[in-house]
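**Q** Input file: coords16.cif. Contents: mmCIF, C-alpha atoms and all ligand atoms; chains and numbers go by the auth columns.
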```cif
data_input
loop_
_atom_site.group_PDB
_atom_site.id
_atom_site.type_symbol
_atom_site.label_atom_id
_atom_site.label_comp_id
_atom_site.label_asym_id
_atom_site.label_seq_id
_atom_site.Cartn_x
_atom_site.Cartn_y
_atom_site.Cartn_z
_atom_site.B_iso_or_equiv
_atom_site.auth_seq_id
_atom_site.auth_asym_id
ATOM 1 C CA MET A 1 92.830 20.927 113.490 0.00 402 A
ATOM 2 C CA ALA A 2 95.661 21.847 115.846 0.00 403 A
ATOM 3 C CA VAL A 3 95.393 22.541 119.578 0.00 404 A
ATOM 4 C CA PHE A 4 97.894 24.631 121.533 0.00 405 A
ATOM 5 C CA GLU A 5 98.257 25.623 125.185 0.00 406 A
ATOM 6 C CA THR A 6 99.774 28.992 126.008 0.00 407 A
ATOM 7 C CA HIS A 7 100.776 30.335 129.427 0.00 408 A
ATOM 8 C CA SER A 8 101.316 34.023 128.740 0.00 409 A
ATOM 9 C CA GLN A 9 100.193 36.792 126.440 0.00 410 A
ATOM 10 C CA ASP A 10 103.584 36.626 124.720 0.00 411 A
ATOM 11 C CA GLU A 11 103.190 32.912 123.974 0.00 412 A
ATOM 12 C CA THR A 12 99.795 33.641 122.410 0.00 413 A
ATOM 13 C CA ALA A 13 101.339 36.424 120.321 0.00 414 A
ATOM 14 C CA ALA A 14 104.095 34.032 119.245 0.00 415 A
ATOM 15 C CA LEU A 15 101.454 31.600 118.017 0.00 416 A
ATOM 16 C CA GLY A 16 99.900 34.472 116.072 0.00 417 A
ATOM 17 C CA GLU A 17 103.283 35.101 114.468 0.00 418 A
ATOM 18 C CA GLN A 18 103.569 31.446 113.532 0.00 419 A
ATOM 19 C CA LEU A 19 100.118 31.410 111.956 0.00 420 A
ATOM 20 C CA ALA A 20 100.699 34.664 110.054 0.00 421 A
ATOM 21 C CA ARG A 21 103.744 33.138 108.333 0.00 422 A
ATOM 22 C CA THR A 22 101.485 30.481 106.804 0.00 423 A
ATOM 23 C CA LEU A 23 98.978 32.981 105.340 0.00 424 A
ATOM 24 C CA SER A 24 98.823 34.629 101.925 0.00 425 A
ATOM 25 C CA PRO A 25 97.232 37.863 100.630 0.00 426 A
ATOM 26 C CA GLY A 26 93.455 37.737 101.088 0.00 427 A
ATOM 27 C CA SER A 27 93.581 35.151 103.881 0.00 428 A
ATOM 28 C CA LEU A 28 90.839 35.391 106.498 0.00 429 A
ATOM 29 C CA VAL A 29 91.263 34.503 110.185 0.00 430 A
ATOM 30 C CA LEU A 30 88.083 34.293 112.288 0.00 431 A
ATOM 31 C CA PHE A 31 88.324 34.370 116.090 0.00 432 A
ATOM 32 C CA THR A 32 85.914 33.112 118.710 0.00 433 A
ATOM 33 C CA GLY A 33 86.378 33.353 122.477 0.00 434 A
ATOM 34 C CA GLY A 34 85.018 35.814 124.993 0.00 435 A
ATOM 35 C CA LEU A 35 86.274 39.105 126.318 0.00 436 A
ATOM 36 C CA GLY A 36 89.877 38.844 127.508 0.00 437 A
ATOM 37 C CA ALA A 37 90.493 35.535 125.752 0.00 438 A
ATOM 38 C CA GLY A 38 93.591 36.847 123.994 0.00 439 A
ATOM 39 C CA LYS A 39 92.349 37.551 120.470 0.00 440 A
ATOM 40 C CA THR A 40 94.019 40.950 120.319 0.00 441 A
ATOM 41 C CA ALA A 41 97.251 39.494 121.735 0.00 442 A
ATOM 42 C CA PHE A 42 97.183 36.885 118.962 0.00 443 A
ATOM 43 C CA CYS A 43 96.567 39.608 116.355 0.00 444 A
ATOM 44 C CA ARG A 44 99.480 41.628 117.759 0.00 445 A
ATOM 45 C CA GLY A 45 101.757 38.689 116.958 0.00 446 A
ATOM 46 C CA MET A 46 100.231 38.371 113.493 0.00 447 A
ATOM 47 C CA ALA A 47 100.867 42.050 112.752 0.00 448 A
ATOM 48 C CA HIS A 48 104.462 41.732 113.907 0.00 449 A
ATOM 49 C CA ALA A 49 105.110 38.770 111.603 0.00 450 A
ATOM 50 C CA LEU A 50 103.474 40.611 108.696 0.00 451 A
ATOM 51 C CA GLY A 51 105.859 43.528 109.178 0.00 452 A
ATOM 52 C CA CYS A 52 103.203 45.983 110.338 0.00 453 A
ATOM 53 C CA THR A 53 104.589 48.485 112.831 0.00 454 A
ATOM 54 C CA ASP A 54 101.355 50.344 113.701 0.00 455 A
ATOM 55 C CA GLU A 55 100.106 49.784 117.231 0.00 456 A
ATOM 56 C CA VAL A 56 97.620 46.909 117.531 0.00 457 A
ATOM 57 C CA SER A 57 94.572 47.380 119.750 0.00 458 A
ATOM 58 C CA SER A 58 91.029 46.022 119.976 0.00 459 A
ATOM 59 C CA PRO A 59 89.040 47.689 117.168 0.00 460 A
ATOM 60 C CA THR A 60 85.909 47.746 119.315 0.00 461 A
ATOM 61 C CA PHE A 61 84.857 51.304 118.565 0.00 462 A
ATOM 62 C CA ALA A 62 86.395 51.629 115.112 0.00 463 A
ATOM 63 C CA ILE A 63 85.046 48.223 113.910 0.00 464 A
ATOM 64 C CA ALA A 64 88.241 47.936 111.822 0.00 465 A
ATOM 65 C CA ASN A 65 91.852 48.903 112.471 0.00 466 A
ATOM 66 C CA VAL A 66 94.122 48.874 109.454 0.00 467 A
ATOM 67 C CA TYR A 67 97.836 48.296 109.924 0.00 468 A
ATOM 68 C CA ARG A 68 100.205 49.350 107.160 0.00 469 A
ATOM 69 C CA GLY A 69 103.186 47.313 106.099 0.00 470 A
ATOM 70 C CA PRO A 70 104.610 45.053 103.411 0.00 471 A
ATOM 71 C CA GLN A 71 101.544 42.839 103.943 0.00 472 A
ATOM 72 C CA PRO A 72 98.666 45.119 105.003 0.00 473 A
ATOM 73 C CA PHE A 73 96.463 43.769 107.772 0.00 474 A
ATOM 74 C CA ALA A 74 92.817 44.669 108.486 0.00 475 A
ATOM 75 C CA HIS A 75 91.753 43.831 112.053 0.00 476 A
ATOM 76 C CA PHE A 76 87.989 43.750 112.647 0.00 477 A
ATOM 77 C CA ASP A 77 85.790 43.562 115.702 0.00 478 A
ATOM 78 C CA LEU A 78 82.421 42.096 114.712 0.00 479 A
ATOM 79 C CA TYR A 79 80.815 42.631 118.124 0.00 480 A
ATOM 80 C CA ARG A 80 78.241 44.999 116.652 0.00 481 A
ATOM 81 C CA ILE A 81 78.041 43.431 113.188 0.00 482 A
ATOM 82 C CA HIS A 82 75.007 41.252 112.591 0.00 483 A
ATOM 83 C CA THR A 83 74.138 41.484 108.887 0.00 484 A
ATOM 84 C CA ARG A 84 75.926 41.093 105.562 0.00 485 A
ATOM 85 C CA GLU A 85 75.142 44.760 104.857 0.00 486 A
ATOM 86 C CA ASP A 86 76.963 45.747 108.063 0.00 487 A
ATOM 87 C CA LEU A 87 79.985 43.707 106.963 0.00 488 A
ATOM 88 C CA GLU A 88 79.953 45.206 103.472 0.00 489 A
ATOM 89 C CA ALA A 89 79.614 48.731 104.832 0.00 490 A
ATOM 90 C CA ALA A 90 82.634 48.159 107.062 0.00 491 A
ATOM 91 C CA GLY A 91 84.706 47.203 104.003 0.00 492 A
ATOM 92 C CA PHE A 92 85.229 43.616 105.127 0.00 493 A
ATOM 93 C CA TYR A 93 84.986 42.110 101.625 0.00 494 A
ATOM 94 C CA ASP A 94 86.882 45.013 100.035 0.00 495 A
ATOM 95 C CA TYR A 95 89.904 44.385 102.241 0.00 496 A
ATOM 96 C CA LEU A 96 89.874 40.690 101.307 0.00 497 A
ATOM 97 C CA ASP A 97 89.599 41.568 97.597 0.00 498 A
ATOM 98 C CA MET A 98 92.477 44.040 97.936 0.00 499 A
ATOM 99 C CA GLY A 99 94.720 41.285 99.290 0.00 500 A
ATOM 100 C CA TYR A 100 94.848 42.378 102.902 0.00 501 A
ATOM 101 C CA ILE A 101 95.159 39.727 105.554 0.00 502 A
ATOM 102 C CA VAL A 102 91.861 40.057 107.415 0.00 503 A
ATOM 103 C CA ALA A 103 91.329 38.995 111.032 0.00 504 A
ATOM 104 C CA ALA A 104 88.012 39.281 112.845 0.00 505 A
ATOM 105 C CA GLU A 105 87.389 39.179 116.582 0.00 506 A
ATOM 106 C CA TRP A 106 83.900 38.195 117.789 0.00 507 A
ATOM 107 C CA SER A 107 83.171 36.224 114.617 0.00 508 A
ATOM 108 C CA GLU A 108 80.541 34.301 116.634 0.00 509 A
ATOM 109 C CA ASN A 109 78.377 37.421 116.341 0.00 510 A
ATOM 110 C CA ALA A 110 78.303 37.018 112.550 0.00 511 A
ATOM 111 C CA ALA A 111 78.534 33.209 112.477 0.00 512 A
ATOM 112 C CA ASP A 112 75.703 32.675 109.993 0.00 513 A
ATOM 113 C CA ILE A 113 77.050 35.210 107.522 0.00 514 A
ATOM 114 C CA LEU A 114 80.580 33.826 107.733 0.00 515 A
ATOM 115 C CA ALA A 115 79.667 30.122 107.749 0.00 516 A
ATOM 116 C CA GLY A 116 80.585 29.607 104.097 0.00 517 A
ATOM 117 C CA GLU A 117 83.845 31.585 104.134 0.00 518 A
ATOM 118 C CA ASP A 118 87.141 29.868 103.428 0.00 519 A
ATOM 119 C CA ALA A 119 88.899 30.863 106.657 0.00 520 A
ATOM 120 C CA VAL A 120 91.275 29.828 109.373 0.00 521 A
ATOM 121 C CA ARG A 121 89.181 29.556 112.528 0.00 522 A
ATOM 122 C CA VAL A 122 90.858 30.264 115.859 0.00 523 A
ATOM 123 C CA ASP A 123 89.025 29.564 119.111 0.00 524 A
ATOM 124 C CA ILE A 124 90.559 30.668 122.409 0.00 525 A
ATOM 125 C CA VAL A 125 89.392 29.270 125.746 0.00 526 A
ATOM 126 C CA ARG A 126 90.578 30.638 129.084 0.00 527 A
ATOM 127 C CA THR A 127 91.696 27.647 131.155 0.00 528 A
ATOM 128 C CA GLY A 128 93.403 29.652 133.932 0.00 529 A
ATOM 129 C CA ASP A 129 94.529 33.183 134.793 0.00 530 A
ATOM 130 C CA ASN A 130 97.420 32.943 132.342 0.00 531 A
ATOM 131 C CA ASP A 131 96.469 29.786 130.490 0.00 532 A
ATOM 132 C CA ARG A 132 94.653 29.493 127.206 0.00 533 A
ATOM 133 C CA ARG A 133 93.675 26.565 124.969 0.00 534 A
ATOM 134 C CA ILE A 134 93.862 27.693 121.354 0.00 535 A
ATOM 135 C CA THR A 135 92.308 25.591 118.618 0.00 536 A
ATOM 136 C CA VAL A 136 93.204 26.371 115.020 0.00 537 A
ATOM 137 C CA GLU A 137 91.095 24.904 112.226 0.00 538 A
ATOM 138 C CA GLY A 138 91.514 25.188 108.493 0.00 539 A
ATOM 139 C CA GLY A 139 95.045 26.502 108.605 0.00 540 A
ATOM 140 C CA ALA A 140 98.507 25.122 107.977 0.00 541 A
ATOM 141 C CA LEU A 141 99.614 25.175 111.623 0.00 542 A
HETATM 142 N N1 LIG B . 98.007 32.918 127.725 0.00 601 B
HETATM 143 C C1 LIG B . 97.498 34.150 127.499 0.00 601 B
HETATM 144 N N2 LIG B . 97.265 34.548 126.222 0.00 601 B
HETATM 145 C C2 LIG B . 96.729 35.755 125.969 0.00 601 B
HETATM 146 N N3 LIG B . 96.395 36.652 126.908 0.00 601 B
HETATM 147 C C3 LIG B . 96.614 36.330 128.189 0.00 601 B
HETATM 148 C C4 LIG B . 97.180 35.069 128.534 0.00 601 B
HETATM 149 N N4 LIG B . 97.284 35.011 129.883 0.00 601 B
HETATM 150 C C5 LIG B . 96.809 36.161 130.354 0.00 601 B
HETATM 151 N N5 LIG B . 96.412 36.972 129.351 0.00 601 B
HETATM 152 C C6 LIG B . 95.798 38.305 129.528 0.00 601 B
HETATM 153 O O1 LIG B . 94.487 38.262 129.013 0.00 601 B
HETATM 154 C C7 LIG B . 94.169 39.490 128.354 0.00 601 B
HETATM 155 C C8 LIG B . 93.878 39.244 126.878 0.00 601 B
HETATM 156 O O2 LIG B . 93.460 40.458 126.334 0.00 601 B
HETATM 157 P P1 LIG B . 93.121 40.630 124.784 0.00 601 B
HETATM 158 O O3 LIG B . 94.198 40.035 123.954 0.00 601 B
HETATM 159 O O4 LIG B . 92.809 42.079 124.602 0.00 601 B
HETATM 160 O O5 LIG B . 91.795 39.728 124.676 0.00 601 B
HETATM 161 P P2 LIG B . 90.567 39.826 123.679 0.00 601 B
HETATM 162 O O6 LIG B . 91.008 40.581 122.460 0.00 601 B
HETATM 163 O O7 LIG B . 90.226 38.399 123.383 0.00 601 B
HETATM 164 O O8 LIG B . 89.463 40.512 124.436 0.00 601 B
HETATM 165 C C9 LIG B . 95.386 40.407 128.553 0.00 601 B
HETATM 166 O O9 LIG B . 95.173 41.194 129.684 0.00 601 B
HETATM 167 C C10 LIG B . 96.508 39.412 128.782 0.00 601 B
HETATM 168 O O10 LIG B . 97.560 39.935 129.561 0.00 601 B
HETATM 169 MG MG MG B . 90.242 42.263 121.502 0.00 602 B
#
```
Go through the file and emit its structure as C-alpha cells.
**A**
Amino acid sequence: MAVFETHSQDETAALGEQLARTLSPGSLVLFTGGLGAGKTAFCRGMAHALGCTDEVSSPTFAIANVYRGPQPFAHFDLYRIHTREDLEAAGFYDYLDMGYIVAAEWSENAADILAGEDAVRVDIVRTGDNDRRITVEGGAL
C-alpha cells in the first residue's frame, strides 16, 4: 500500500500517469472517493500516459467512455451499476478480456461484485480545498 498527498488537480493527474506506466493490458483500476474527489483527474493522467488523445470526462451518463490509443483505455462510472448483469451489459468484462486498461469510478457501488477482482484499488480523500490523500493498494507504485 502506498499513500500520497497531492495539492492540485495536476499533481493528481501526474500520479495517474505514474500508475498507468506500471500497468499492463487487461489491468483493472478501481476508484473509491466521493463526488469531486479527483477520480476523473487521475484518469486524465492515466489516459495521457497511455497515449490516448481523446478528451477524458466523467462517464456518468455514458457509463463507459472509451479512449483510443496505442493502449486503449475504458473508463467506467459504476454509480448506477449494482449487479453483475449490469456490469456485463456495459461490456466491463469484455474490455478486460480485449486487453484494455479498465478504470472504474464509484467502485464502492459495486463493491460486492468486484471484491474478488485482481485490481489496483485507489481511494481518494479530500483533506482540503486543493488537498487530497490518495491511497493505492495492489499496484506497483
Ligand atoms: N489535489 C487535487 N486533486 C484532484 N482534484 C482537485 C485537487 N484539488 C482540487 N481539485 C478539484 O477537485 C475536482 C475534482 O474533480 P473530478 O476529477 O471530476 O472528481 P471526481 O471524478 O472524483 O468526481 C476538480 O474541480 C479539481 O479542480
Ligand atoms: Mg468523475
**Q** Return as JSON the box centre and box size in Å, one decimal, for an axis-aligned box around all listed atoms of ligand LIG 601 (chain B) padded by 5 Å per side.
**A**
```
{"center_x": 93.7, "center_y": 37.5, "center_z": 126.4, "size_x": 18.5, "size_y": 19.2, "size_z": 17.9}
```
**Q** Residues of chain A that approach ligand LIG 601 (chain B) to 12 Å or less, counting only C-alpha atoms and all ligand atoms: could you list each one with the shortest pair of atoms and its distance in Å to one decimal, rows by chain and increasing residue number, as a Markdown table?
**A**
```
| residue | atom | partner | partner_atom | distance |
| --- | --- | --- | --- | --- |
| A:Phe405 | CA | B:LIG601 | N1 | 10.3 |
| A:Glu406 | CA | B:LIG601 | N1 | 7.7 |
| A:Thr407 | CA | B:LIG601 | N1 | 4.6 |
| A:His408 | CA | B:LIG601 | N1 | 4.2 |
| A:Ser409 | CA | B:LIG601 | N1 | 3.6 |
| A:Gln410 | CA | B:LIG601 | C2 | 3.6 |
| A:Asp411 | CA | B:LIG601 | N2 | 6.8 |
| A:Glu412 | CA | B:LIG601 | N1 | 6.4 |
| A:Thr413 | CA | B:LIG601 | N2 | 4.7 |
| A:Ala414 | CA | B:LIG601 | C2 | 7.3 |
| A:Ala415 | CA | B:LIG601 | N2 | 9.8 |
| A:Leu416 | CA | B:LIG601 | N2 | 9.7 |
| A:Gly417 | CA | B:LIG601 | C2 | 10.5 |
| A:Phe432 | CA | B:LIG601 | O7 | 8.5 |
| A:Thr433 | CA | B:LIG601 | O7 | 8.3 |
| A:Gly434 | CA | B:LIG601 | O7 | 6.4 |
| A:Gly435 | CA | B:LIG601 | O7 | 6.0 |
| A:Leu436 | CA | B:LIG601 | O8 | 4.0 |
| A:Gly437 | CA | B:LIG601 | O8 | 3.5 |
| A:Ala438 | CA | B:LIG601 | O7 | 3.7 |
| A:Gly439 | CA | B:LIG601 | O3 | 3.2 |
| A:Lys440 | CA | B:LIG601 | O7 | 3.7 |
| A:Thr441 | CA | B:LIG601 | O6 | 3.7 |
| A:Ala442 | CA | B:LIG601 | O3 | 3.8 |
| A:Phe443 | CA | B:LIG601 | O3 | 6.6 |
| A:Cys444 | CA | B:LIG601 | O3 | 8.0 |
| A:Arg445 | CA | B:LIG601 | O3 | 8.3 |
| A:Gly446 | CA | B:LIG601 | O3 | 10.4 |
| A:Val457 | CA | B:LIG601 | O4 | 9.8 |
| A:Ser458 | CA | B:LIG601 | O4 | 7.4 |
| A:Ser459 | CA | B:LIG601 | O6 | 6.0 |
| A:Pro460 | CA | B:LIG601 | O6 | 9.1 |
| A:Thr461 | CA | B:LIG601 | O6 | 9.3 |
| A:His476 | CA | B:LIG601 | O6 | 10.9 |
| A:Phe477 | CA | B:LIG601 | O6 | 10.7 |
| A:Asp478 | CA | B:LIG601 | O6 | 9.0 |
| A:Leu479 | CA | B:LIG601 | O6 | 11.7 |
| A:Tyr480 | CA | B:LIG601 | O8 | 10.9 |
| A:Ala504 | CA | B:LIG601 | O6 | 11.5 |
| A:Ala505 | CA | B:LIG601 | O6 | 10.2 |
| A:Glu506 | CA | B:LIG601 | O6 | 7.0 |
| A:Trp507 | CA | B:LIG601 | O7 | 8.4 |
| A:Ser508 | CA | B:LIG601 | O7 | 11.5 |
| A:Val523 | CA | B:LIG601 | O7 | 11.1 |
| A:Asp524 | CA | B:LIG601 | O7 | 9.9 |
| A:Ile525 | CA | B:LIG601 | O7 | 7.8 |
| A:Val526 | CA | B:LIG601 | O7 | 9.5 |
| A:Arg527 | CA | B:LIG601 | N1 | 7.9 |
| A:Thr528 | CA | B:LIG601 | N1 | 8.9 |
| A:Gly529 | CA | B:LIG601 | N4 | 7.8 |
| A:Asp530 | CA | B:LIG601 | C5 | 5.8 |
| A:Asn531 | CA | B:LIG601 | N4 | 3.2 |
| A:Asp532 | CA | B:LIG601 | N1 | 4.5 |
| A:Arg533 | CA | B:LIG601 | N1 | 4.8 |
| A:Arg534 | CA | B:LIG601 | N1 | 8.2 |
| A:Ile535 | CA | B:LIG601 | N2 | 9.1 |
```
**Q** Pick out the closest residue to ligand MG 602 (chain B) from this set: A:Ala516, A:Ile482, A:Ala465, A:Ala421. Count all atoms listed in the file.
**A**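 Ranking A:Ala516, A:Ile482, A:Ala465, A:Ala421 by distance to ligand MG 602 (chain B), first place goes to A:Ala465.
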**Q** When you look at Pro471 of chain A with a cut-off of 9 Å (counting all atoms listed in the file), what residues show up, excluding the ones that are within fewer than 4 positions of it in the same chain? I need them as a ChimeraX atom specification.
**A** /A:451-453
**Q** Looking at A:Phe474, A:Gly492, A:Glu418, A:Thr423, which one is nearest to Ala541 of chain A, with distances taken over only C-alpha atoms?
**A**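 The shortest atom-to-atom distance to Ala541 of chain A comes from A:Thr423.
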**Q** What's the separation between atom CA of Ile502 of chain A and atom CA of Asn466 of chain A, in Å to one decimal place?
**A** 12.0 Å
**Q** Find the spatial neighbours of Pro426 of chain A, counting all atoms listed in the file, within a cut-off of 8 Å - ignore same-chain residues fewer than 3 positions away - and output them as a VMD selection string.
**A** chain A and resid 472 497 500 to 502
**Q** Assuming the input is short of atoms at segment 460-476 of chain A, produce N, CA and C atoms for that part as a PDB file, keeping the file's coordinate frame.
**A**
```pdb
ATOM      1  N   PRO A 460      89.743  46.703 117.999  1.00  0.00           N
ATOM      2  CA  PRO A 460      89.040  47.689 117.168  1.00  0.00           C
ATOM      3  C   PRO A 460      87.579  47.849 117.564  1.00  0.00           C
ATOM      4  N   THR A 461      87.293  47.768 118.845  1.00  0.00           N
ATOM      5  CA  THR A 461      85.909  47.746 119.315  1.00  0.00           C
ATOM      6  C   THR A 461      85.091  48.936 118.815  1.00  0.00           C
ATOM      7  N   PHE A 462      85.632  50.126 118.941  1.00  0.00           N
ATOM      8  CA  PHE A 462      84.857  51.304 118.565  1.00  0.00           C
ATOM      9  C   PHE A 462      85.001  51.641 117.091  1.00  0.00           C
ATOM     10  N   ALA A 463      86.134  51.299 116.513  1.00  0.00           N
ATOM     11  CA  ALA A 463      86.395  51.629 115.112  1.00  0.00           C
ATOM     12  C   ALA A 463      85.793  50.598 114.163  1.00  0.00           C
ATOM     13  N   ILE A 464      85.445  49.395 114.687  1.00  0.00           N
ATOM     14  CA  ILE A 464      85.046  48.223 113.910  1.00  0.00           C
ATOM     15  C   ILE A 464      86.221  47.631 113.148  1.00  0.00           C
ATOM     16  N   ALA A 465      87.052  48.477 112.499  1.00  0.00           N
ATOM     17  CA  ALA A 465      88.241  47.936 111.822  1.00  0.00           C
ATOM     18  C   ALA A 465      89.442  48.832 112.094  1.00  0.00           C
ATOM     19  N   ASN A 466      90.566  48.209 112.439  1.00  0.00           N
ATOM     20  CA  ASN A 466      91.852  48.903 112.471  1.00  0.00           C
ATOM     21  C   ASN A 466      92.648  48.386 111.281  1.00  0.00           C
ATOM     22  N   VAL A 467      93.307  49.295 110.589  1.00  0.00           N
ATOM     23  CA  VAL A 467      94.122  48.874 109.454  1.00  0.00           C
ATOM     24  C   VAL A 467      95.579  49.179 109.755  1.00  0.00           C
ATOM     25  N   TYR A 468      96.413  48.167 109.629  1.00  0.00           N
ATOM     26  CA  TYR A 468      97.836  48.296 109.924  1.00  0.00           C
ATOM     27  C   TYR A 468      98.610  48.238 108.612  1.00  0.00           C
ATOM     28  N   ARG A 469      99.446  49.268 108.414  1.00  0.00           N
ATOM     29  CA  ARG A 469     100.205  49.350 107.160  1.00  0.00           C
ATOM     30  C   ARG A 469     101.478  48.524 107.262  1.00  0.00           C
ATOM     31  N   GLY A 470     101.943  48.071 106.111  1.00  0.00           N
ATOM     32  CA  GLY A 470     103.186  47.313 106.099  1.00  0.00           C
ATOM     33  C   GLY A 470     103.334  46.599 104.781  1.00  0.00           C
ATOM     34  N   PRO A 471     104.377  45.805 104.658  1.00  0.00           N
ATOM     35  CA  PRO A 471     104.610  45.053 103.411  1.00  0.00           C
ATOM     36  C   PRO A 471     103.429  44.141 103.074  1.00  0.00           C
ATOM     37  N   GLN A 472     102.787  43.608 104.115  1.00  0.00           N
ATOM     38  CA  GLN A 472     101.544  42.839 103.943  1.00  0.00           C
ATOM     39  C   GLN A 472     100.494  43.513 104.811  1.00  0.00           C
ATOM     40  N   PRO A 473      99.667  44.400 104.209  1.00  0.00           N
ATOM     41  CA  PRO A 473      98.666  45.119 105.003  1.00  0.00           C
ATOM     42  C   PRO A 473      97.697  44.159 105.705  1.00  0.00           C
ATOM     43  N   PHE A 474      97.224  44.618 106.853  1.00  0.00           N
ATOM     44  CA  PHE A 474      96.463  43.769 107.772  1.00  0.00           C
ATOM     45  C   PHE A 474      95.243  44.564 108.246  1.00  0.00           C
ATOM     46  N   ALA A 475      94.051  44.032 108.008  1.00  0.00           N
ATOM     47  CA  ALA A 475      92.817  44.669 108.486  1.00  0.00           C
ATOM     48  C   ALA A 475      92.277  43.840 109.651  1.00  0.00           C
ATOM     49  N   HIS A 476      92.101  44.490 110.794  1.00  0.00           N
ATOM     50  CA  HIS A 476      91.753  43.831 112.053  1.00  0.00           C
ATOM     51  C   HIS A 476      90.359  44.302 112.472  1.00  0.00           C
TER      52      HIS A 476
END
```
